[in-house]
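What follows is a short report on a single structure.
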Amino acid sequence: MTSISTPEKLIELPEEHRPLLQNLVYLTKAQVIVEVGVAEAKTTEWLCEGAKVVGGKVYGYDIWNTHGLKNQFQHWSSKEKCEKHLTDRGYTNFELTQIDSKTPEFRELIKTRHPVIDLAFIDGCHSYEGIKNDFEAIYPQLGPFGVIVFHDTLRIDGCREFIIDLRTKYNDGRFDIVEFPFGSMVISDTPTGVPHLQQRHVGIAMLVRRSYAQSPDTIDEICNLEDRSKEIYRKEQDWYIDELIKAGNMTFCTAYMDAIKQYTAHEDSKNK
Ligand SMILES: C[S@@+](CC[C@H](N)C(=O)[O-])C[C@H]1O[C@@H](n2cnc3c(N)ncnc32)[C@H](O)[C@@H]1O
């Protein structure tokens, strides 16, 4: 059980979140993992565990100070405590930075330090402005097979509103959004109160790059009666082009269509 204590209440993320984060790193073989909102480094620990298996590194960012749009949340942890928490458990595959993610310095740091991000966990400021800001800093660096996980997207107003806008307003046609209306939390009203499992779900949403139509991995086993591989690739490409056009992403759409043309010309010349 991982806990986040504030003067007013104690919130704990049950272990049920651990396998999801740990195995996402494992499954995607993410090398560069970015977490915004480290708090006490509990989720950071789970990301580090996954990263250990695939040789990745976790970069955690947190203000570790009073936060919230109304400065309503006091902090209770620190960068040093988090580093100790992780090193005590044997992890060396992390780097923590104390920074306000709403500053231009944060954007610049993300841009220069992480040319490609494979996996991001956004769990920082939960206001609409906060989550949007963190998304805007991370997304331009997201790799072609990248994933962004957002926490508390069912429970908290800013996060929930941002996810529906991500589907609609901010969708550039290059990703899918999957909502998981799962994940519980344990809460007590005071640090000395008896913690109880809240029966409601917190919600986790994932942004996943639309990658099949661009994947270098082709079909290598035929279970249909006849081989329709080329038709399948064509259907995927047509669908992706339609989605990019629908989203008004003509810059990427043109680049994508050029890449297909080049690839097709290359394949044709090989077959001559
Ligand atoms: C919900 S907690 C993160 C919990 C952690 N991921 C876990 O589950 O163990 C949110 C964290 O975001 C941080 N945060 C809030 N606003 C921030 C900002 N503007 N810049 C950086 N960190 C911020 C807070 O300090 C807090 O530690």
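In the structure tokens, the first chain shown is A, the next is B, and so on; residue numbers restart at 1 for each chain, and ligands run from 1 in the order shown.
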Inset, instruction - Extract, using only C-alpha atoms, all DNA, RNA and protein residues at most 9 Å from Ile204 in chain A, discarding same-chain residues fewer than 5 positions from it, and format them as a list of chain:residue names. - result: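 The residues satisfying every condition are A:Val149, A:Phe150, A:His151, A:Asp152, A:Thr153, A:Leu154, A:Val178, A:Glu179, A:Phe180, A:Pro181, A:Phe182, A:Gly183.
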Can you write just those residues out, C-alpha atoms, as a PDB file, in the first residue's frame?
```
ATOM      1  CA  VAL A 149      -0.827   7.603 -18.456  1.00  0.00           C
ATOM      2  CA  PHE A 150      -2.994  10.124 -16.585  1.00  0.00           C
ATOM      3  CA  HIS A 151      -4.153   9.457 -13.028  1.00  0.00           C
ATOM      4  CA  ASP A 152      -7.396  10.418 -11.216  1.00  0.00           C
ATOM      5  CA  THR A 153      -9.239  11.074 -14.465  1.00  0.00           C
ATOM      6  CA  LEU A 154     -12.614   9.837 -13.212  1.00  0.00           C
ATOM      7  CA  VAL A 178      -8.482   4.622 -23.509  1.00  0.00           C
ATOM      8  CA  GLU A 179     -10.300   5.225 -20.254  1.00  0.00           C
ATOM      9  CA  PHE A 180     -10.053   2.696 -17.452  1.00  0.00           C
ATOM     10  CA  PRO A 181     -12.804   3.415 -14.908  1.00  0.00           C
ATOM     11  CA  PHE A 182     -10.905   1.404 -12.300  1.00  0.00           C
ATOM     12  CA  GLY A 183      -8.434   1.788  -9.485  1.00  0.00           C
TER      13      GLY A 183
END
```
Legend entry - Test item: residues lying within 6 Å of ligand 1 with only C-alpha atoms and all ligand atoms, as a list in words: Gly37, Val38, Ala39, Glu40, Ala41, Lys42, Thr43, Asp62, Ile63, Trp64, Asn65, His67, Gly68, Ile99, Asp100, Ser101, Lys102, Asp123, Gly124 and Cys125 of chain A
Inset, instruction - Would you mind telling me which residue in A:Gln22, A:Asn93, A:Ser229, A:Thr264 lies nearest to Gly56 in chain A when using only C-alpha atoms? - result: A:Asn93
Inset, instruction - May I ask which of the residues A:Ile110, A:Met257, A:Ile122, A:Ala213 is the closest one to Phe145 in chain A, counting only C-alpha atoms? - result: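 Looking only at the distances to Phe145 in chain A, the closest residue turns out to be A:Ala213.
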Legend entry - Contacts of Ala255 in chain A at 12 Å (only C-alpha atoms; same-chain gap of 5+ positions) as JSON, numbers by chain: {"A": [214, 241, 244, 249, 250, 260, 261, 262]}
Export, as a CSV table (one decimal), in the first residue's frame, the selected residues with N, CA and C atoms.
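Printed below is again21.csv as written:
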```csv
chain,number,residue,atom,x,y,z
A,214,GLN,N,2.2,2.5,-38.9
A,214,GLN,CA,3.5,3.0,-39.1
A,214,GLN,C,4.6,2.0,-38.6
A,241,ILE,N,-4.8,7.9,-42.5
A,241,ILE,CA,-4.9,9.2,-43.3
A,241,ILE,C,-6.2,9.9,-43.0
A,244,LEU,N,-6.2,11.6,-39.6
A,244,LEU,CA,-5.3,12.8,-39.6
A,244,LEU,C,-6.0,13.9,-40.3
A,249,ASN,N,-4.8,17.6,-39.2
A,249,ASN,CA,-3.3,17.5,-39.0
A,249,ASN,C,-2.6,17.3,-40.4
A,250,MET,N,-2.7,18.3,-41.2
A,250,MET,CA,-2.2,18.1,-42.6
A,250,MET,C,-0.7,18.0,-42.7
A,260,ILE,N,4.9,6.8,-47.1
A,260,ILE,CA,4.3,5.6,-47.7
A,260,ILE,C,4.8,5.5,-49.1
A,261,LYS,N,4.8,6.6,-49.8
A,261,LYS,CA,5.2,6.6,-51.3
A,261,LYS,C,6.6,6.1,-51.4
A,262,GLN,N,7.4,6.6,-50.6
A,262,GLN,CA,8.9,6.3,-50.6
A,262,GLN,C,9.1,4.8,-50.3
```
Inset, instruction - Using DSSP on the backbone coordinates, identify the residues of range 98-251 of chain A assigned to strand (DSSP E or B); present them as number ranges by chain. - result: A: 98, 117-122, 142-151, 175-180, 185-188, 196-198, 204-209
Inset, instruction - Apply DSSP to the structure's backbone, then extract all residues of range 28-265 of chain A labelled helix (DSSP H, G or I) and return them as number ranges by chain. - result: A: 28, 42-54, 79-88, 104-113, 128-141, 157-167, 212-214, 229-246, 250-265
Selected residues written out, C-alpha atoms, as a short mmCIF file (atom, residue, chain, number, x, y, z; two decimals), in the first residue's frame:
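Dumped to selection27.cif:
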```cif
data_model
loop_
_atom_site.label_atom_id
_atom_site.label_comp_id
_atom_site.auth_asym_id
_atom_site.auth_seq_id
_atom_site.Cartn_x
_atom_site.Cartn_y
_atom_site.Cartn_z
CA THR A 28 6.75 -1.18 -23.91
CA LYS A 42 5.69 5.31 -4.41
CA THR A 43 4.57 5.22 -8.03
CA THR A 44 8.14 6.17 -8.96
CA GLU A 45 9.26 2.99 -7.22
CA TRP A 46 6.90 0.89 -9.34
CA LEU A 47 8.13 2.56 -12.51
CA CYS A 48 11.76 1.97 -11.43
CA GLU A 49 10.98 -1.72 -10.86
CA GLY A 50 9.71 -2.08 -14.42
CA ALA A 51 12.60 -0.02 -15.78
CA LYS A 52 15.10 -2.26 -14.02
CA VAL A 53 14.01 -5.20 -16.16
CA VAL A 54 14.33 -3.37 -19.49
CA LYS A 79 13.27 15.30 -3.06
CA GLU A 80 15.76 14.00 -0.47
CA LYS A 81 13.17 11.78 1.25
CA CYS A 82 12.16 10.36 -2.14
CA GLU A 83 15.76 9.68 -3.14
CA LYS A 84 16.25 7.87 0.16
CA HIS A 85 13.04 5.90 -0.34
CA LEU A 86 14.29 4.68 -3.73
CA THR A 87 17.93 4.06 -2.87
CA ASP A 88 16.92 2.19 0.32
CA PRO A 104 9.11 27.88 -18.81
CA GLU A 105 12.23 26.26 -17.29
CA PHE A 106 10.35 22.98 -17.00
CA ARG A 107 9.33 23.03 -20.69
CA GLU A 108 12.89 23.82 -21.70
CA LEU A 109 14.30 21.08 -19.48
CA ILE A 110 11.92 18.44 -20.85
CA LYS A 111 12.72 19.50 -24.41
CA THR A 112 16.49 19.40 -24.02
CA ARG A 113 16.79 16.46 -21.65
CA TYR A 128 -7.45 21.57 -15.76
CA GLU A 129 -4.70 24.12 -16.26
CA GLY A 130 -2.22 21.89 -14.45
CA ILE A 131 -2.81 18.65 -16.35
CA LYS A 132 -3.04 20.52 -19.68
CA ASN A 133 0.24 22.26 -18.95
CA ASP A 134 1.99 18.98 -18.17
CA PHE A 135 0.54 17.34 -21.29
CA GLU A 136 1.74 20.24 -23.44
CA ALA A 137 5.25 19.91 -22.04
CA ILE A 138 5.43 16.14 -22.53
CA TYR A 139 3.49 15.45 -25.72
CA PRO A 140 5.86 17.13 -28.23
CA GLN A 141 8.61 14.78 -27.01
CA ASP A 157 -12.74 17.70 -12.13
CA GLY A 158 -9.67 19.12 -13.90
CA CYS A 159 -8.39 15.71 -15.00
CA ARG A 160 -11.80 14.45 -16.13
CA GLU A 161 -12.53 17.57 -18.17
CA PHE A 162 -9.08 17.47 -19.74
CA ILE A 163 -9.53 13.88 -20.96
CA ILE A 164 -12.74 14.65 -22.84
CA ASP A 165 -11.06 17.70 -24.37
CA LEU A 166 -8.08 15.56 -25.31
CA ARG A 167 -10.44 13.36 -27.31
CA TYR A 212 0.06 -0.05 -36.38
CA ALA A 213 -0.08 1.88 -39.63
CA GLN A 214 3.54 2.96 -39.09
CA SER A 229 -1.43 -8.73 -45.79
CA LYS A 230 -1.09 -5.98 -48.40
CA GLU A 231 -4.80 -5.24 -48.24
CA ILE A 232 -4.61 -5.06 -44.45
CA TYR A 233 -1.70 -2.56 -44.54
CA ARG A 234 -3.59 -0.49 -47.10
CA LYS A 235 -6.74 -0.44 -44.93
CA GLU A 236 -4.71 0.65 -41.91
CA GLN A 237 -2.99 3.39 -43.88
CA ASP A 238 -6.25 4.68 -45.40
CA TRP A 239 -7.88 4.76 -41.98
CA TYR A 240 -4.93 6.61 -40.45
CA ILE A 241 -4.89 9.18 -43.26
CA ASP A 242 -8.63 9.74 -42.76
CA GLU A 243 -8.12 10.25 -39.03
CA LEU A 244 -5.32 12.75 -39.61
CA ILE A 245 -7.46 14.67 -42.11
CA LYS A 246 -10.44 14.64 -39.72
CA MET A 250 -2.25 18.12 -42.60
CA THR A 251 1.44 18.60 -41.79
CA PHE A 252 1.83 15.14 -40.36
CA CYS A 253 -0.58 13.66 -42.93
CA THR A 254 1.54 14.93 -45.83
CA ALA A 255 4.74 13.65 -44.25
CA TYR A 256 3.09 10.28 -43.64
CA MET A 257 1.81 9.99 -47.21
CA ASP A 258 5.29 10.86 -48.54
CA ALA A 259 6.82 8.17 -46.33
CA ILE A 260 4.35 5.59 -47.69
CA LYS A 261 5.16 6.58 -51.26
CA GLN A 262 8.88 6.26 -50.64
CA TYR A 263 8.45 2.91 -48.93
CA THR A 264 6.25 1.57 -51.74
CA ALA A 265 8.74 2.74 -54.40
#
```
Inset, instruction - For Arg209 in chain A, list every protein, DNA or RNA residue within 10 Å, evaluated using only C-alpha atoms, and leave out those in the same chain fewer than 3 positions away; present the list as a list in words. - result: Leu142, Gly143, Pro144, Phe145, Gly146, Val147, Ile148, Gly173, Arg174, Phe175, Asp176, Ile177, Met206 and Tyr212 of chain A
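Going from CA of Glu267 in chain A to CA of Ile219 in chain A covers 15.5 Å.
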Inset, instruction - Kindly indicate which residue among A:Gly203, A:Ser127, A:Arg155, A:Ile222 lies nearest to Lys70 in chain A, using only C-alpha atoms for the distances. - result: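 The closest residue to Lys70 in chain A is A:Ser127.
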Inset, instruction - May I ask which of the residues A:Leu27, A:Cys223, A:Leu96, A:Ile156 is the closest one to Gly60 in chain A, counting only C-alpha atoms? - result: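 Nearest candidate to Gly60 in chain A out of A:Leu27, A:Cys223, A:Leu96, A:Ile156: A:Leu96.
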Inset, instruction - Have a look at CA of His114 in chain A and CA of Gln98 in chain A and let me know their distance in Å, one decimal. - result: 16.5 Å
